[in-house]
file query.cif (mmCIF, C-alpha atoms)
data_work
#
loop_
_atom_site.label_atom_id
_atom_site.label_comp_id
_atom_site.auth_asym_id
_atom_site.auth_seq_id
_atom_site.Cartn_x
_atom_site.Cartn_y
_atom_site.Cartn_z
CA MET A 35 0.41 -32.62 24.23
CA GLU A 36 -3.36 -32.11 24.32
CA GLU A 37 -5.08 -28.73 24.37
CA GLN A 38 -6.14 -29.01 28.00
CA ASP A 39 -2.58 -29.99 29.01
CA ILE A 40 -1.27 -26.83 27.37
CA ILE A 41 -3.83 -24.68 29.20
CA ASN A 42 -3.08 -26.39 32.52
CA LEU A 43 0.62 -25.85 31.96
CA TRP A 44 0.01 -22.16 31.29
CA LYS A 45 -2.25 -21.84 34.34
CA ALA A 46 0.36 -23.43 36.59
CA GLN A 47 2.92 -21.00 35.22
CA ASN A 48 0.53 -18.09 35.88
CA VAL A 49 0.15 -19.12 39.52
CA LYS A 50 3.94 -19.18 39.94
CA ILE A 51 4.24 -15.79 38.26
CA GLU A 52 1.62 -14.21 40.51
CA GLN A 53 3.22 -15.69 43.63
CA THR A 54 6.79 -14.78 42.91
CA LEU A 55 6.79 -11.78 40.58
CA ALA A 56 7.47 -8.53 42.43
CA ILE A 57 7.31 -4.94 41.27
CA ASN A 58 10.33 -2.86 42.15
CA LYS A 59 8.27 -0.06 43.70
CA GLN A 60 11.18 2.31 44.22
CA LEU A 61 12.19 1.98 40.57
CA LEU A 62 8.58 2.30 39.43
CA LYS A 63 8.26 5.56 41.37
CA GLU A 64 11.40 6.81 39.69
CA VAL A 65 10.11 5.83 36.24
CA VAL A 66 6.68 7.41 36.59
CA THR A 67 7.81 10.59 38.33
CA GLN A 68 11.04 11.36 36.50
CA LYS A 69 11.38 9.45 33.27
CA ALA A 70 7.76 9.83 32.22
CA ARG A 71 8.18 13.59 32.31
CA SER A 72 10.74 13.25 29.58
CA ALA A 73 8.25 12.59 26.79
CA VAL A 74 11.04 13.02 24.29
CA SER A 75 13.02 9.81 24.18
CA THR A 76 16.64 9.49 23.12
CA PHE A 77 15.31 8.21 19.80
CA ASN A 78 13.34 11.40 19.26
CA ARG A 79 16.19 13.55 20.49
CA SER A 80 18.50 12.08 17.85
CA LYS A 81 15.82 12.69 15.22
CA GLY A 82 15.43 16.20 16.67
CA TRP A 83 19.15 16.89 16.29
CA GLY A 84 18.94 15.64 12.70
CA ILE A 85 16.10 18.07 12.03
CA ILE A 86 17.95 20.98 13.66
CA SER A 87 21.08 20.22 11.57
CA PHE A 88 18.93 20.13 8.47
CA VAL A 89 17.28 23.44 9.32
CA ILE A 90 20.75 25.00 9.78
CA TYR A 91 21.72 23.62 6.36
CA LEU A 92 18.57 25.19 4.85
CA VAL A 93 19.26 28.51 6.57
CA ILE A 94 22.77 28.54 5.07
CA LEU A 95 21.38 27.75 1.59
CA GLY A 96 18.68 30.39 2.10
CA ASN A 97 21.25 33.02 3.05
CA ILE A 98 23.34 32.25 -0.03
CA LEU A 99 20.20 32.57 -2.16
CA ALA A 100 19.20 35.81 -0.46
CA TYR A 101 22.71 37.20 -1.08
CA ALA A 102 22.43 36.26 -4.77
CA ILE A 103 19.02 37.93 -5.05
CA ARG A 104 20.28 41.09 -3.30
CA HIS A 105 23.17 41.26 -5.74
CA TYR A 106 21.11 40.20 -8.69
CA SER A 107 22.50 40.16 -12.19
CA PRO A 108 21.19 38.18 -15.19
CA GLY A 109 24.26 35.94 -14.93
CA LEU A 110 22.89 34.58 -11.64
CA ASN A 111 19.61 33.30 -13.13
CA TYR A 112 20.66 29.64 -13.25
CA PHE A 113 22.02 29.85 -9.73
CA ILE A 114 18.91 31.54 -8.29
CA VAL A 115 16.44 29.20 -9.97
CA SER A 116 18.46 26.08 -9.06
CA PHE A 117 19.01 27.08 -5.44
CA ALA A 118 15.38 28.16 -5.03
CA ALA A 119 14.23 24.76 -6.35
CA ILE A 120 16.69 22.90 -4.09
CA ILE A 121 15.56 24.85 -1.03
CA LEU A 122 11.84 24.41 -1.77
CA ILE A 123 12.22 20.66 -2.35
CA ASN A 124 14.21 20.31 0.88
CA ILE A 125 11.62 22.31 2.84
CA LYS A 126 8.86 20.06 1.46
CA GLY A 127 10.84 16.90 2.30
CA LEU A 128 11.67 18.12 5.78
CA SER A 129 8.12 19.23 6.56
CA ASP A 130 6.74 15.84 5.47
CA TYR A 131 9.34 14.09 7.60
CA ILE A 132 8.50 16.19 10.68
CA LYS A 133 4.78 15.70 10.08
CA HIS A 134 5.20 11.93 10.05
CA LEU A 135 7.36 11.90 13.14
CA VAL A 136 4.67 13.89 14.93
CA TRP A 137 2.00 11.46 13.72
CA VAL A 138 3.99 8.43 14.87
CA ASN A 139 4.43 9.94 18.31
CA ALA A 140 0.83 11.10 18.58
CA ILE A 141 -0.64 7.62 18.13
CA ASN A 142 -1.80 6.29 21.47
CA TYR A 143 -1.66 2.59 22.19
CA GLU A 144 -5.11 2.18 23.69
CA GLY A 145 -6.92 1.14 20.51
CA SER A 146 -7.34 -2.41 19.26
CA ILE A 147 -4.15 -4.17 18.11
CA THR A 148 -5.02 -4.35 14.41
CA ASP A 149 -6.22 -0.73 14.35
CA ILE A 150 -3.18 0.78 16.09
CA GLN A 151 -0.66 -1.42 14.28
CA GLU A 152 -2.27 -0.59 10.95
CA LYS A 153 -2.03 3.14 11.71
CA LEU A 154 1.58 2.84 12.84
CA THR A 155 2.70 0.81 9.84
CA LYS A 156 0.86 3.07 7.39
CA VAL A 157 2.49 6.16 8.85
CA GLN A 158 5.90 4.51 8.85
CA LEU A 159 5.53 3.30 5.28
CA SER A 160 4.30 6.70 4.12
CA VAL A 161 7.60 8.20 5.29
CA VAL A 162 9.15 6.27 2.39
CA LYS A 163 6.58 7.66 0.00
CA HIS A 164 7.09 11.25 1.04
CA VAL A 165 10.85 11.31 1.46
CA ARG A 166 11.12 10.44 -2.25
CA VAL A 167 10.42 14.08 -3.06
CA MET A 168 14.03 14.75 -2.01
CA PHE A 169 15.26 13.00 -5.16
CA LEU A 170 13.69 15.71 -7.30
CA GLN A 171 16.47 18.12 -6.38
CA LEU A 172 19.13 16.01 -8.14
CA PRO A 173 19.09 17.82 -11.55
CA PHE A 174 19.32 21.25 -9.94
CA TRP A 175 22.71 20.33 -8.47
CA THR A 176 23.94 20.13 -12.08
CA THR A 177 22.72 23.60 -13.07
CA PHE A 178 23.36 25.95 -10.13
CA TYR A 179 26.95 26.72 -11.21
CA LEU A 180 25.95 27.74 -14.75
CA SER A 181 25.91 31.43 -15.65
CA SER A 182 24.12 33.07 -18.51
CA ASN A 183 27.24 35.24 -18.89
CA TRP A 184 29.00 32.28 -20.49
CA PHE A 185 26.43 29.48 -20.88
CA PRO A 186 25.63 28.37 -23.47
CA ARG A 187 27.02 31.15 -25.67
CA ASP A 188 30.75 30.73 -24.95
CA MET A 189 30.81 26.97 -24.59
CA GLY A 190 31.88 24.47 -27.20
CA TRP A 191 29.67 21.61 -28.46
CA GLY A 192 31.57 19.12 -26.35
CA TYR A 193 30.69 20.90 -23.10
CA LEU A 194 27.09 21.47 -24.19
CA VAL A 195 26.65 17.77 -24.90
CA PHE A 196 28.30 16.91 -21.57
CA GLN A 197 26.04 19.35 -19.67
CA ALA A 198 22.91 18.10 -21.46
CA LEU A 199 23.83 14.48 -20.69
CA LEU A 200 24.65 15.30 -17.07
CA THR A 201 21.47 17.26 -16.38
CA GLY A 202 19.37 14.88 -18.48
CA SER A 203 20.65 11.77 -16.70
CA PHE A 204 20.18 13.38 -13.24
CA ALA A 205 16.67 14.49 -14.22
CA TYR A 206 15.84 10.99 -15.45
CA ALA A 207 17.32 9.40 -12.31
CA ALA A 208 15.37 11.81 -10.10
CA TRP A 209 12.10 11.09 -11.91
CA TRP A 210 12.71 7.35 -11.95
CA LEU A 211 13.50 7.26 -8.22
CA TYR A 212 10.52 9.50 -7.48
CA THR A 213 8.07 7.32 -9.36
CA ASN A 214 9.57 3.97 -8.32
CA GLN A 215 10.14 4.60 -4.63
CA THR A 216 6.79 3.21 -3.65
CA ILE A 217 5.62 0.69 -1.11
CA ALA A 218 4.93 -1.75 -3.94
CA ASN A 219 8.68 -1.87 -4.66
CA LEU A 220 9.78 -2.35 -1.05
CA ASP A 221 10.66 -5.98 -1.65
CA LYS A 222 13.08 -5.12 -4.50
CA ARG A 223 16.75 -5.46 -3.67
CA TRP A 224 17.77 -2.03 -5.04
CA PHE A 225 15.14 -0.39 -2.89
CA ARG A 226 16.29 -2.20 0.22
CA LYS A 227 19.85 -1.03 -0.43
CA LEU A 228 18.64 2.52 -1.00
CA ILE A 229 16.83 2.75 2.32
CA ALA A 230 19.28 0.59 4.28
CA GLY A 231 20.88 3.58 5.94
CA SER A 232 17.69 5.39 6.82
CA GLY A 233 15.76 3.00 9.01
CA GLY A 234 15.39 0.44 6.25
CA ALA A 235 15.26 -2.56 8.55
CA SER A 236 12.39 -1.21 10.61
CA ILE A 237 10.56 -0.08 7.46
CA MET A 238 10.85 -3.62 6.08
CA GLN A 239 9.52 -4.95 9.38
CA ALA A 240 6.65 -2.48 9.14
CA LEU A 241 5.81 -3.84 5.72
CA ILE A 242 5.86 -7.43 7.02
CA VAL A 243 3.49 -6.48 9.85
CA TYR A 244 1.30 -4.50 7.46
CA LYS A 245 0.89 -7.58 5.24
CA GLU A 246 0.26 -9.68 8.32
CA ILE A 247 -2.50 -7.31 9.48
CA GLU A 248 -4.13 -7.41 6.04
CA GLU A 249 -4.18 -11.22 6.16
CA PHE A 250 -5.16 -11.30 9.80
CA LYS A 251 -8.28 -9.23 9.29
CA GLN A 252 -9.57 -11.57 6.61
CA GLU A 253 -12.07 -14.10 7.88
CA GLY A 254 -10.92 -17.68 7.63
CA VAL A 255 -7.31 -16.86 6.75
CA LEU A 256 -4.39 -17.54 9.08
CA MET B 921 -9.04 11.37 39.99
CA PRO B 922 -7.14 13.49 42.55
CA LEU B 923 -3.52 13.88 41.48
CA THR B 924 -2.15 12.51 44.76
CA ASP B 925 -4.09 9.26 44.35
CA LYS B 926 -2.86 8.59 40.85
CA PRO B 927 0.44 6.82 41.70
CA GLU B 928 -1.27 4.68 44.35
CA LEU B 929 -4.12 3.71 42.04
CA PHE B 930 -1.69 3.00 39.25
CA LEU B 931 0.35 0.75 41.52
CA ILE B 932 -2.77 -1.17 42.57
CA VAL B 933 -3.78 -1.74 38.94
CA LEU B 934 -0.23 -2.70 38.01
CA GLU B 935 0.12 -5.05 40.97
CA ALA B 936 -3.09 -6.84 39.97
CA ASN B 937 -1.95 -7.22 36.36
CA LYS B 938 1.84 -7.52 36.59
CA GLY B 939 1.68 -11.04 35.16
CA ILE B 940 0.30 -9.73 31.86
CA ILE B 941 3.24 -7.35 31.45
CA TYR B 942 5.73 -10.07 32.33
CA LYS B 943 4.21 -12.53 29.84
CA VAL B 944 4.03 -9.99 27.01
CA GLY B 945 7.66 -9.02 27.66
CA ASN B 946 8.70 -12.65 27.67
CA LEU B 947 6.83 -13.53 24.47
CA TYR B 948 8.07 -10.57 22.43
CA CYS B 949 11.65 -10.22 23.68
CA ARG B 950 13.92 -13.17 24.19
CA GLU B 951 16.97 -11.05 25.09
CA PRO B 952 16.92 -10.12 28.81
CA GLU B 953 18.27 -6.59 28.23
CA ASP B 954 15.68 -5.87 25.52
CA ARG B 955 12.97 -7.42 27.67
CA LYS B 956 13.84 -5.14 30.60
CA ASP B 957 13.55 -2.11 28.32
CA LEU B 958 10.30 -3.36 26.79
CA VAL B 959 8.75 -3.79 30.26
CA GLN B 960 9.84 -0.24 31.11
CA GLU B 961 8.34 1.07 27.86
CA ILE B 962 5.03 -0.76 28.51
CA ILE B 963 4.78 0.61 32.06
CA LEU B 964 5.58 4.13 30.83
CA GLN B 965 2.87 3.94 28.19
CA LEU B 966 0.39 2.61 30.77
CA TRP B 967 1.27 5.50 33.08
CA ARG B 968 0.86 8.08 30.31
CA SER B 969 -2.52 6.59 29.32
CA PHE B 970 -3.75 6.14 32.88
CA ASP B 971 -5.57 9.50 32.98
CA ASN B 972 -7.48 8.63 29.83
CA TYR B 973 -8.46 5.13 30.94
CA ASN B 974 -11.88 4.33 29.54
CA ALA B 975 -13.96 2.63 32.22
CA GLN B 976 -16.07 1.06 29.46
CA TYR B 977 -13.32 -1.58 29.20
CA LYS B 978 -11.91 -3.82 31.90
CA HIS B 979 -8.46 -2.96 33.28
CA THR B 980 -7.18 -6.18 31.75
CA THR B 981 -8.44 -5.21 28.27
CA TRP B 982 -6.76 -1.81 28.60
CA ILE B 983 -3.48 -3.36 29.76
CA TYR B 984 -3.45 -6.09 27.11
CA ARG B 985 -4.06 -3.51 24.37
CA ILE B 986 -1.30 -1.16 25.47
CA ALA B 987 1.20 -3.88 26.37
CA LEU B 988 0.68 -5.77 23.10
CA ASN B 989 0.69 -2.63 20.95
CA VAL B 990 3.93 -1.44 22.56
CA ALA B 991 5.51 -4.90 22.21
CA ILE B 992 4.52 -5.33 18.56
CA SER B 993 5.73 -1.80 17.77
CA TYR B 994 9.01 -2.41 19.57
CA TYR B 995 10.69 -3.77 16.45
CA ARG B 996 10.41 -0.31 14.91
CA LYS B 997 13.14 1.03 17.11
CA GLU B 998 16.35 0.84 15.12
CA SER B 999 18.45 0.55 18.22
CA ARG B 1000 16.33 -0.77 21.01
CA ARG B 1001 18.56 0.07 23.97
CA SER B 1002 19.12 3.60 22.74
CA ALA B 1003 15.44 4.00 21.90
CA ILE B 1004 14.67 4.16 25.59
CA ALA B 1005 15.32 7.35 27.52
CA ASN B 1006 17.87 6.33 30.17
CA PRO B 1007 17.74 2.53 30.12
CA LEU B 1008 17.35 1.02 33.57
CA SER B 1009 20.12 -0.91 35.22
CA GLU B 1010 17.64 -2.79 37.39
CA GLU B 1011 14.45 -4.70 36.56
CA LEU B 1012 11.02 -3.19 37.19
CA LEU B 1013 9.58 -6.69 37.42
CA SER B 1014 11.65 -9.34 39.11
CA PHE B 1015 11.10 -12.63 40.87
CA SER B 1016 11.23 -12.51 44.62
CA VAL B 1017 12.06 -16.19 45.05
CA THR B 1018 13.96 -17.43 42.04
CA ASP B 1019 14.24 -16.82 38.34
CA MET B 1020 11.19 -18.34 36.68
CA ALA B 1021 13.07 -18.91 33.47
CA ASP B 1022 15.53 -21.18 35.25
CA ASN B 1023 12.78 -22.90 37.14
CA ALA B 1024 10.15 -23.06 34.45
CA GLY B 1025 10.52 -26.62 33.30
CA GLU B 1026 11.02 -27.99 29.82
CA SER B 1027 7.38 -28.02 28.73
CA ILE B 1028 6.68 -24.38 29.55
CA SER B 1029 9.98 -23.35 27.94
CA LEU B 1030 8.93 -25.24 24.81
CA LEU B 1031 5.51 -23.60 24.89
CA TYR B 1032 7.09 -20.13 25.15
CA ARG B 1033 9.46 -21.04 22.30
CA PHE B 1034 6.66 -22.28 20.04
CA ILE B 1035 4.53 -19.19 20.71
CA ALA B 1036 7.54 -16.94 20.12
CA GLU B 1037 7.91 -18.60 16.69
CA LEU B 1038 4.43 -17.44 15.67
CA LYS B 1039 3.84 -14.18 13.80
CA GLU B 1040 3.43 -11.00 15.86
CA LEU B 1041 -0.39 -10.93 15.85
CA GLU B 1042 -0.82 -14.68 16.22
CA ARG B 1043 1.40 -14.50 19.29
CA ALA B 1044 -0.93 -11.90 20.82
CA LEU B 1045 -3.93 -14.05 19.99
CA MET B 1046 -2.37 -17.13 21.60
CA LEU B 1047 -1.48 -15.25 24.77
CA LEU B 1048 -5.08 -14.07 25.12
CA TYR B 1049 -6.41 -17.57 24.45
CA LEU B 1050 -4.08 -19.19 27.00
CA ASP B 1051 -5.04 -16.53 29.55
CA GLU B 1052 -8.60 -17.78 28.98
CA LYS B 1053 -10.07 -14.56 27.70
CA SER B 1054 -13.49 -14.91 26.08
CA HIS B 1055 -13.74 -14.69 22.30
CA LYS B 1056 -15.63 -11.43 22.79
CA GLU B 1057 -12.81 -9.89 24.83
CA ILE B 1058 -10.15 -11.22 22.44
CA ALA B 1059 -12.09 -9.71 19.54
CA GLU B 1060 -12.22 -6.35 21.37
CA ILE B 1061 -8.51 -6.38 22.10
CA MET B 1062 -7.45 -7.56 18.66
CA GLY B 1063 -9.98 -5.58 16.64
CA ILE B 1064 -11.30 -8.54 14.65
CA THR B 1065 -14.60 -10.41 14.68
CA GLU B 1066 -15.38 -13.20 17.15
CA THR B 1067 -15.74 -15.66 14.25
CA ASN B 1068 -12.32 -14.71 13.03
CA VAL B 1069 -10.92 -15.17 16.56
CA ALA B 1070 -12.40 -18.68 16.75
CA THR B 1071 -11.06 -19.70 13.32
CA LYS B 1072 -7.56 -18.39 13.96
CA ILE B 1073 -7.27 -19.84 17.46
CA GLY B 1074 -8.36 -23.24 16.14
CA ARG B 1075 -5.60 -23.20 13.54
CA ILE B 1076 -2.89 -21.93 15.90
CA LYS B 1077 -3.78 -24.66 18.38
CA LYS B 1078 -3.27 -27.25 15.65
CA VAL B 1079 0.14 -25.75 14.86
CA LEU B 1080 1.20 -25.86 18.51
CA LYS B 1081 -0.06 -29.41 18.91
CA GLN B 1082 1.95 -30.47 15.85
CA LYS B 1083 5.07 -28.83 17.21
CA PHE B 1084 4.74 -30.62 20.53
CA SER B 1085 4.17 -33.91 18.69
CA GLN B 1086 7.30 -33.37 16.57
CA VAL B 1087 9.38 -32.78 19.71
CA LYS B 1088 7.86 -35.86 21.34
CA ASN B 1089 8.68 -37.98 18.29
CA GLN B 1090 12.27 -36.74 18.29
CA ILE B 1091 12.72 -37.88 21.91
#

call {"tool": "encode", "arguments": {"input": "query.cif", "output": "structure tokens"}}
result
Amino acid sequence: MEEQDIINLWKAQNVKIEQTLAINKQLLKEVVTQKARSAVSTFNRSKGWGIISFVIYLVILGNILAYAIRHYSPGLNYFIVSFAAIILINIKGLSDYIKHLVWVNAINYEGSITDIQEKLTKVQLSVVKHVRVMFLQLPFWTTFYLSSNWFPRDMGWGYLVFQALLTGSFAYAAWWLYTNQTIANLDKRWFRKLIAGSGGASIMQALIVYKEIEEFKQEGVL
Amino acid sequence: MPLTDKPELFLIVLEANKGIIYKVGNLYCREPEDRKDLVQEIILQLWRSFDNYNAQYKHTTWIYRIALNVAISYYRKESRRSAIANPLSEELLSFSVTDMADNAGESISLLYRFIAELKELERALMLLYLDEKSHKEIAEIMGITETNVATKIGRIKKVLKQKFSQVKNQI
């Protein structure tokens, strides 16, 4: 089929569309007067519920920490430091997450395609980069139950080695995940599995589009 | 604009450009249920942006930008049906006479299929080319240079031509 045939075919289709396509005015009125008022979509509501649940979780952790501080004794040092670190890391992770959700929703669609899509994909991909901070709390979950009343003084060598290995391996895993969870590693299988449950498919799609935009903007490249 | 005029003005603009929304929906969503939701999402975004419409651009440029940006971003929704607040049971855009898809003919169905096989941005470019937008307007909508538009359209046309030839040879 020649180029002009394709255009003629498209034009003929356009004429049919214009002649027969009808707007459901009643439904349109409903959409613009009722649904548009609800700026928060179901998608955002579910994210909102996730954030509220997380805040409740942080409040519970915070109350436990506050109780420990109010009833302070040197034996609680490990617990206080560990819980404080866990809470701070979670607050940082949550605030980054909320910030990105706000950014995603604040982007308007009126700009040029490459500009808006680039912004959207960058924001979406940066969620990956910032959520990685959550991994840093891993080693503190292996130290909060220790007490200076009995650790390390009353413990045998076996337990000390076990505790050092446990905390050391969690610290290494946390650091490794923190440094390796980058956009450059998005095409690695382990990374895909790691993010599979947290919007991994759409993040992968964002990466594909991001690469496409990069290529698209280059002169003479298709 | 006076608040009372806004729905009427919006309807006039939408009526004049309904074909664009239909074509974008058709090129980016092959599943009818998803397509219905995408059309709703595009119209909602147009409505929300209507107050900020920049008269520097044509209505068509504004509509193409929003419709294409919404359509390309649509993949980001993990669950598309649930991504929409209260999915509609009816269609906002429907055919008054008969379903175009059933009545479209083999060639146009093939053309839609071939365009749908292109990458997201190439698909947008092809739609604008087939709708006979100037290179200047395509460049404005896409955010690339006119030279780049010309180069890319030339290559996509070759791809489409090859695909039609392959089908022809198979018959």

call {"tool": "atom_distance", "arguments": {"input": "query.cif", "atom1": "CA of Val136 in chain A", "atom2": "CA of Lys156 in chain A"}}
result
13.7 Å

call {"tool": "atom_distance", "arguments": {"input": "query.cif", "atom1": "CA of Asn1089 in chain B", "atom2": "CA of Ala1044 in chain B"}}
result
27.9 Å

call {"tool": "resolve_selection", "arguments": {"input": "query.cif", "expression": "the PyMOL selection byres ((chain B and resi 1083) around 12)", "output": "ChimeraX atom specification"}}
result
/A:35-36 /B:1027,1030-1035,1037-1038,1076-1082,1084-1090

call {"tool": "residues_around", "arguments": {"input": "query.cif", "residues": "range 945-954 of chain B", "least_positions_apart": "5", "cutoff": "9 Å", "atoms": "all atoms listed in the file", "output": "list in words"}}
result
Ile940, Val959, Ile962, Ala987, Leu988, Ala991, Ile992, Tyr994, Arg1000, Arg1001, Tyr1032, Arg1033, Ile1035, Ala1036, Glu1040, Arg1043, Ala1044 and Leu1047 of chain B

call {"tool": "atom_distance", "arguments": {"input": "query.cif", "atom1": "CA of Phe204 in chain A", "atom2": "CA of Phe117 in chain A"}}
result
15.8 Å

call {"tool": "resolve_selection", "arguments": {"input": "query.cif", "expression": "the PyMOL selection byres ((chain B and resi 969-986) around 10)", "output": "PyMOL selection string"}}
result
(chain A and resi 142-147+150) or (chain B and resi 921+923+926-927+929-930+933-934+936-938+940-941+944+962-968+987-992+1044+1047-1048+1053+1057-1058+1060-1063)

call {"tool": "residues_around", "arguments": {"input": "query.cif", "residues": "Asp221 in chain A", "least_positions_apart": "3", "cutoff": "12 Å", "atoms": "all atoms listed in the file", "output": "number ranges by chain"}}
result
A: 215-218, 224-229, 234-235, 237-239, 241-242

call {"tool": "resolve_selection", "arguments": {"input": "query.cif", "expression": "the PyMOL selection byres ((chain A and resi 119) around 10)", "output": "PyMOL selection string"}}
result
chain A and resi 113-118+120-125+170-171+173-175+178

call {"tool": "residues_around", "arguments": {"input": "query.cif", "residues": "Tyr112 in chain A", "least_positions_apart": "4", "cutoff": "8 Å", "atoms": "all atoms listed in the file", "output": "count of residues only"}}
result
7

call {"tool": "closest_residue", "arguments": {"input": "query.cif", "among": "B:His1055, B:Ile1064, B:Arg955, B:Glu1026", "to": "chain A", "atoms": "all atoms listed in the file"}}
result
B:Ile1064

call {"tool": "residues_around", "arguments": {"input": "query.cif", "residues": "Val161 in chain A", "least_positions_apart": "2", "cutoff": "12 Å", "atoms": "only C-alpha atoms", "output": "ChimeraX atom specification"}}
result
/A:127-138,154-159,163-168,215-217,229,232-234,236-237,240

call {"tool": "write_last_selection", "arguments": {"input": "query.cif", "atoms": "C-alpha atoms", "output": "mmCIF file, in the coordinates of the input"}}
result
data_model
loop_
_atom_site.group_PDB
_atom_site.id
_atom_site.type_symbol
_atom_site.label_atom_id
_atom_site.label_comp_id
_atom_site.auth_asym_id
_atom_site.auth_seq_id
_atom_site.Cartn_x
_atom_site.Cartn_y
_atom_site.Cartn_z
ATOM 1 C CA GLY A 127 10.840 16.900 2.300
ATOM 2 C CA LEU A 128 11.670 18.120 5.780
ATOM 3 C CA SER A 129 8.120 19.230 6.560
ATOM 4 C CA ASP A 130 6.740 15.840 5.470
ATOM 5 C CA TYR A 131 9.340 14.090 7.600
ATOM 6 C CA ILE A 132 8.500 16.190 10.680
ATOM 7 C CA LYS A 133 4.780 15.700 10.080
ATOM 8 C CA HIS A 134 5.200 11.930 10.050
ATOM 9 C CA LEU A 135 7.360 11.900 13.140
ATOM 10 C CA VAL A 136 4.670 13.890 14.930
ATOM 11 C CA TRP A 137 2.000 11.460 13.720
ATOM 12 C CA VAL A 138 3.990 8.430 14.870
ATOM 13 C CA LEU A 154 1.580 2.840 12.840
ATOM 14 C CA THR A 155 2.700 0.810 9.840
ATOM 15 C CA LYS A 156 0.860 3.070 7.390
ATOM 16 C CA VAL A 157 2.490 6.160 8.850
ATOM 17 C CA GLN A 158 5.900 4.510 8.850
ATOM 18 C CA LEU A 159 5.530 3.300 5.280
ATOM 19 C CA LYS A 163 6.580 7.660 0.000
ATOM 20 C CA HIS A 164 7.090 11.250 1.040
ATOM 21 C CA VAL A 165 10.850 11.310 1.460
ATOM 22 C CA ARG A 166 11.120 10.440 -2.250
ATOM 23 C CA VAL A 167 10.420 14.080 -3.060
ATOM 24 C CA MET A 168 14.030 14.750 -2.010
ATOM 25 C CA GLN A 215 10.140 4.600 -4.630
ATOM 26 C CA THR A 216 6.790 3.210 -3.650
ATOM 27 C CA ILE A 217 5.620 0.690 -1.110
ATOM 28 C CA ILE A 229 16.830 2.750 2.320
ATOM 29 C CA SER A 232 17.690 5.390 6.820
ATOM 30 C CA GLY A 233 15.760 3.000 9.010
ATOM 31 C CA GLY A 234 15.390 0.440 6.250
ATOM 32 C CA SER A 236 12.390 -1.210 10.610
ATOM 33 C CA ILE A 237 10.560 -0.080 7.460
ATOM 34 C CA ALA A 240 6.650 -2.480 9.140
#

call {"tool": "closest_residue", "arguments": {"input": "query.cif", "among": "B:Glu1066, B:Lys956, B:Ile1028, B:Ile932", "to": "chain A", "atoms": "only C-alpha atoms"}}
result
B:Ile1028

call {"tool": "residues_near_point", "arguments": {"input": "query.cif", "point": "(-12.8, -20.2, 10.8)", "cutoff": "12 Å", "atoms": "all atoms listed in the file", "output": "short mmCIF file (atom, residue, chain, number, x, y, z; two decimals) with C-alpha atoms, in the frame of the given file"}}
result
data_model
loop_
_atom_site.label_atom_id
_atom_site.label_comp_id
_atom_site.auth_asym_id
_atom_site.auth_seq_id
_atom_site.Cartn_x
_atom_site.Cartn_y
_atom_site.Cartn_z
CA PHE A 250 -5.16 -11.30 9.80
CA LYS A 251 -8.28 -9.23 9.29
CA GLN A 252 -9.57 -11.57 6.61
CA GLU A 253 -12.07 -14.10 7.88
CA GLY A 254 -10.92 -17.68 7.63
CA VAL A 255 -7.31 -16.86 6.75
CA LEU A 256 -4.39 -17.54 9.08
CA THR B 1065 -14.60 -10.41 14.68
CA GLU B 1066 -15.38 -13.20 17.15
CA THR B 1067 -15.74 -15.66 14.25
CA ASN B 1068 -12.32 -14.71 13.03
CA VAL B 1069 -10.92 -15.17 16.56
CA ALA B 1070 -12.40 -18.68 16.75
CA THR B 1071 -11.06 -19.70 13.32
CA LYS B 1072 -7.56 -18.39 13.96
CA ILE B 1073 -7.27 -19.84 17.46
CA GLY B 1074 -8.36 -23.24 16.14
CA ARG B 1075 -5.60 -23.20 13.54
CA ILE B 1076 -2.89 -21.93 15.90
#

call {"tool": "closest_residue", "arguments": {"input": "query.cif", "among": "B:Leu1013, B:Ser1029, B:Glu1042, B:Glu1052", "to": "chain A", "atoms": "all atoms listed in the file"}}
result
B:Leu1013

call {"tool": "residues_around", "arguments": {"input": "query.cif", "residues": "range 245-248 of chain A", "least_positions_apart": "4", "cutoff": "8 Å", "atoms": "all atoms listed in the file", "output": "list in words"}}
result
Thr148, Gln151, Glu152, Leu241 and Gln252 of chain A; Lys1039 and Leu1041 of chain B

call {"tool": "build_atoms", "arguments": {"input": "query.cif", "residues": "range 147-153 of chain A", "atoms": "N, CA and C atoms", "output": "mmCIF file, in the coordinates of the input"}}
result
data_model
loop_
_atom_site.group_PDB
_atom_site.id
_atom_site.type_symbol
_atom_site.label_atom_id
_atom_site.label_comp_id
_atom_site.auth_asym_id
_atom_site.auth_seq_id
_atom_site.Cartn_x
_atom_site.Cartn_y
_atom_site.Cartn_z
ATOM 1 N N ILE A 147 -5.487 -3.854 18.651
ATOM 2 C CA ILE A 147 -4.150 -4.170 18.110
ATOM 3 C C ILE A 147 -4.096 -3.931 16.599
ATOM 4 N N THR A 148 -5.083 -4.492 15.877
ATOM 5 C CA THR A 148 -5.020 -4.350 14.410
ATOM 6 C C THR A 148 -5.150 -2.888 13.994
ATOM 7 N N ASP A 149 -6.002 -2.136 14.697
ATOM 8 C CA ASP A 149 -6.220 -0.730 14.350
ATOM 9 C C ASP A 149 -4.958 0.101 14.578
ATOM 10 N N ILE A 150 -4.369 -0.027 15.757
ATOM 11 C CA ILE A 150 -3.180 0.780 16.090
ATOM 12 C C ILE A 150 -1.987 0.365 15.226
ATOM 13 N N GLN A 151 -1.807 -0.961 15.070
ATOM 14 C CA GLN A 151 -0.660 -1.420 14.280
ATOM 15 C C GLN A 151 -0.810 -1.004 12.815
ATOM 16 N N GLU A 152 -2.024 -1.013 12.328
ATOM 17 C CA GLU A 152 -2.270 -0.590 10.950
ATOM 18 C C GLU A 152 -1.908 0.893 10.784
ATOM 19 N N LYS A 153 -2.340 1.711 11.753
ATOM 20 C CA LYS A 153 -2.030 3.140 11.710
ATOM 21 C C LYS A 153 -0.515 3.353 11.746
#
